[in-house]
Amino acid sequence: MFMKTIDMESKLIIENWVNDYSDALFSWAFYKTSSKETAEDLVQDTFLAAYNKLDSFKGNSQPKTWLFSILNNKVVDYYRLSSKTTKKTVSLTEDQGVELSNGFFNDSENWKDASINPIGTQDQELLDNPEFNKVMQHCMDDLPIHWKQAITSKYLTDKKADEICQDLNITVSNYWQIIHRAKLLLKKCLETKWI
């Protein structure tokens with residue numbers, strides 16, 4: 001009898017959280033994965049995990065914070081699994097990315113064409129521009145999956161390099177090369193589609 005009361009109470013709490021936080025969680029999951037179906041699955045998994053671990057929620061943080069913490073772990077798990085399943089072969093897209101990014105820098109790692117930096121000086125204003133964010137998201141979606149994962153982890157979740165390397169199962173030198181090449185492709189994409 002007592003277990004049913006706790007179970008009904010838990011269901012009610014989760015139901016309220018679903019109503020209050022689903023949209024925000026979905027938006028974040030979609031931003032991180034660029035897939036509606038994956039985002040929906042991750043949010044569903046988040047609420048299921050929250051329900052199963054509700055007794056561990058002590059109320060030391062807001063429910064939304066706790067749910068986002070669970071969701072971020074689900075996103076990391078999703079990319080970790082994706083990384084393991086695609087690690088064995090190098091995709092054609094990744095090879096194209098390497099080929100495209102070669103030749104942008106000289107031997108001392110400086111831009112060959114110093115005039116190509118119109119975006120860099122207006123970054124704060126651009127981040128507030130919804131049209132720019134749409135173009136940026138499109139450019140992010142064009143990156144090879146490992147590159148997008150690395151860039152997202154570094155710049156959106158502020159993870160440290162060693163943590164990202166562990167998540168993606170790559171070496172530190174490979175990580176820095178991926179970050180470097182991904183930034184080159186993003187820059188080229190933005191210069192083509194935004195400017």
# chains A, B, ... in the order shown; residues from 1 in each chain; ligands from 1
>>> residues_around(residues="Ser35 (chain A)", least_positions_apart="5", cutoff="12 Å", atoms="only C-alpha atoms", output="PyMOL selection string")
chain A and resi 26-30+40-42+75+78+137+141
>>> residues_around(residues="Ile178 (chain A)", least_positions_apart="3", cutoff="12 Å", atoms="only C-alpha atoms", output="VMD selection string")
chain A and resid 94 to 95 97 to 98 101 143 to 152 154 161 164 to 165 168 170 to 175 181 to 186
>>> write_last_selection(atoms="C-alpha atoms", output="mmCIF file, in the first residue's frame")
data_model
loop_
_atom_site.group_PDB
_atom_site.id
_atom_site.type_symbol
_atom_site.label_atom_id
_atom_site.label_comp_id
_atom_site.auth_asym_id
_atom_site.auth_seq_id
_atom_site.Cartn_x
_atom_site.Cartn_y
_atom_site.Cartn_z
ATOM 1 C CA GLU A 94 35.965 13.450 -43.022
ATOM 2 C CA ASP A 95 38.488 12.956 -45.829
ATOM 3 C CA GLY A 97 37.100 17.946 -44.635
ATOM 4 C CA VAL A 98 40.806 17.279 -44.339
ATOM 5 C CA SER A 101 41.123 22.530 -44.763
ATOM 6 C CA LEU A 143 30.683 18.840 -40.266
ATOM 7 C CA PRO A 144 31.672 15.177 -39.967
ATOM 8 C CA ILE A 145 30.057 13.713 -36.834
ATOM 9 C CA HIS A 146 33.310 13.419 -34.807
ATOM 10 C CA TRP A 147 34.216 16.997 -35.638
ATOM 11 C CA LYS A 148 30.790 18.294 -34.635
ATOM 12 C CA GLN A 149 30.972 16.335 -31.376
ATOM 13 C CA ALA A 150 34.389 17.788 -30.561
ATOM 14 C CA ILE A 151 33.396 21.385 -31.377
ATOM 15 C CA THR A 152 30.103 21.092 -29.477
ATOM 16 C CA LYS A 154 34.599 22.197 -26.400
ATOM 17 C CA ALA A 161 40.268 18.302 -23.878
ATOM 18 C CA ILE A 164 36.383 15.089 -24.768
ATOM 19 C CA CYS A 165 39.121 12.679 -25.887
ATOM 20 C CA LEU A 168 35.193 10.336 -28.358
ATOM 21 C CA ILE A 170 40.559 9.645 -29.567
ATOM 22 C CA THR A 171 44.077 10.822 -28.788
ATOM 23 C CA VAL A 172 44.853 14.381 -27.685
ATOM 24 C CA SER A 173 46.779 15.138 -30.881
ATOM 25 C CA ASN A 174 43.902 13.799 -32.965
ATOM 26 C CA TYR A 175 41.517 15.970 -30.921
ATOM 27 C CA ARG A 181 40.091 21.412 -39.140
ATOM 28 C CA ALA A 182 36.491 21.793 -37.926
ATOM 29 C CA LYS A 183 37.057 25.499 -37.258
ATOM 30 C CA LEU A 184 38.475 25.879 -40.745
ATOM 31 C CA LEU A 185 35.434 24.292 -42.329
ATOM 32 C CA LEU A 186 33.069 26.336 -40.165
#
>>> residues_around(residues="Trp66 (chain A)", least_positions_apart="6", cutoff="12 Å", atoms="only C-alpha atoms", output="PDB file with N, CA and C atoms, in the first residue's frame")
ATOM      1  N   TRP A  17       6.954  17.724 -14.160  1.00  0.00           N
ATOM      2  CA  TRP A  17       8.227  18.098 -14.772  1.00  0.00           C
ATOM      3  C   TRP A  17       8.164  17.973 -16.288  1.00  0.00           C
ATOM      4  N   TYR A  21       9.174  21.190 -18.293  1.00  0.00           N
ATOM      5  CA  TYR A  21      10.533  21.250 -18.819  1.00  0.00           C
ATOM      6  C   TYR A  21      10.762  20.537 -20.152  1.00  0.00           C
ATOM      7  N   LEU A  25      14.159  20.972 -22.569  1.00  0.00           N
ATOM      8  CA  LEU A  25      15.032  19.812 -22.722  1.00  0.00           C
ATOM      9  C   LEU A  25      15.124  19.391 -24.186  1.00  0.00           C
ATOM     10  N   THR A  46      15.699  10.732 -20.535  1.00  0.00           N
ATOM     11  CA  THR A  46      15.982  11.601 -19.387  1.00  0.00           C
ATOM     12  C   THR A  46      14.876  11.495 -18.343  1.00  0.00           C
ATOM     13  N   PHE A  47      13.622  11.586 -18.780  1.00  0.00           N
ATOM     14  CA  PHE A  47      12.513  11.493 -17.830  1.00  0.00           C
ATOM     15  C   PHE A  47      12.397  10.093 -17.225  1.00  0.00           C
ATOM     16  N   ALA A  49      14.943   8.051 -16.685  1.00  0.00           N
ATOM     17  CA  ALA A  49      16.029   7.983 -15.699  1.00  0.00           C
ATOM     18  C   ALA A  49      15.665   8.785 -14.452  1.00  0.00           C
ATOM     19  N   ALA A  50      15.059   9.955 -14.640  1.00  0.00           N
ATOM     20  CA  ALA A  50      14.651  10.780 -13.496  1.00  0.00           C
ATOM     21  C   ALA A  50      13.614  10.037 -12.651  1.00  0.00           C
ATOM     22  N   TYR A  51      12.691   9.386 -13.307  1.00  0.00           N
ATOM     23  CA  TYR A  51      11.666   8.627 -12.573  1.00  0.00           C
ATOM     24  C   TYR A  51      12.315   7.500 -11.760  1.00  0.00           C
ATOM     25  N   LYS A  53      15.301   7.339 -10.647  1.00  0.00           N
ATOM     26  CA  LYS A  53      16.238   7.815  -9.623  1.00  0.00           C
ATOM     27  C   LYS A  53      15.655   8.963  -8.804  1.00  0.00           C
ATOM     28  N   LEU A  54      14.352   9.070  -8.820  1.00  0.00           N
ATOM     29  CA  LEU A  54      13.713  10.193  -8.140  1.00  0.00           C
ATOM     30  C   LEU A  54      14.070  10.244  -6.661  1.00  0.00           C
ATOM     31  N   SER A  56      16.843   9.750  -5.399  1.00  0.00           N
ATOM     32  CA  SER A  56      18.176  10.348  -5.220  1.00  0.00           C
ATOM     33  C   SER A  56      18.153  11.870  -5.384  1.00  0.00           C
ATOM     34  N   PHE A  57      17.027  12.418  -5.861  1.00  0.00           N
ATOM     35  CA  PHE A  57      16.904  13.867  -5.989  1.00  0.00           C
ATOM     36  C   PHE A  57      16.590  14.459  -4.622  1.00  0.00           C
ATOM     37  N   LYS A  58      17.555  15.172  -4.087  1.00  0.00           N
ATOM     38  CA  LYS A  58      17.432  15.704  -2.721  1.00  0.00           C
ATOM     39  C   LYS A  58      16.886  17.128  -2.680  1.00  0.00           C
ATOM     40  N   GLY A  59      16.724  17.747  -3.844  1.00  0.00           N
ATOM     41  CA  GLY A  59      16.221  19.110  -3.862  1.00  0.00           C
ATOM     42  C   GLY A  59      17.295  20.155  -3.615  1.00  0.00           C
ATOM     43  N   ASN A  60      18.583  19.741  -3.670  1.00  0.00           N
ATOM     44  CA  ASN A  60      19.677  20.701  -3.479  1.00  0.00           C
ATOM     45  C   ASN A  60      19.826  21.630  -4.675  1.00  0.00           C
ATOM     46  N   ASN A  72      22.389  15.902 -20.295  1.00  0.00           N
ATOM     47  CA  ASN A  72      23.758  16.056 -20.798  1.00  0.00           C
ATOM     48  C   ASN A  72      24.514  14.726 -20.757  1.00  0.00           C
ATOM     49  N   ASN A  73      24.295  13.938 -19.717  1.00  0.00           N
ATOM     50  CA  ASN A  73      24.912  12.613 -19.657  1.00  0.00           C
ATOM     51  C   ASN A  73      24.375  11.701 -20.756  1.00  0.00           C
TER      52      ASN A  73
END
>>> closest_residue(among="A:Asn169, A:Leu190, A:Gln177, A:Val18", to="Leu81 (chain A)", atoms="only C-alpha atoms")
A:Asn169
>>> closest_residue(among="A:Asp158, A:Ser34, A:Glu191, A:Ser69", to="Asp142 (chain A)", atoms="only C-alpha atoms")
A:Ser34
>>> closest_residue(among="A:Ser10, A:Asp45, A:Ser22, A:Trp176", to="Lys160 (chain A)", atoms="only C-alpha atoms")
A:Trp176
>>> atom_distance(atom1="CA of Val76 (chain A)", atom2="CA of Asp7 (chain A)")
29.2 Å
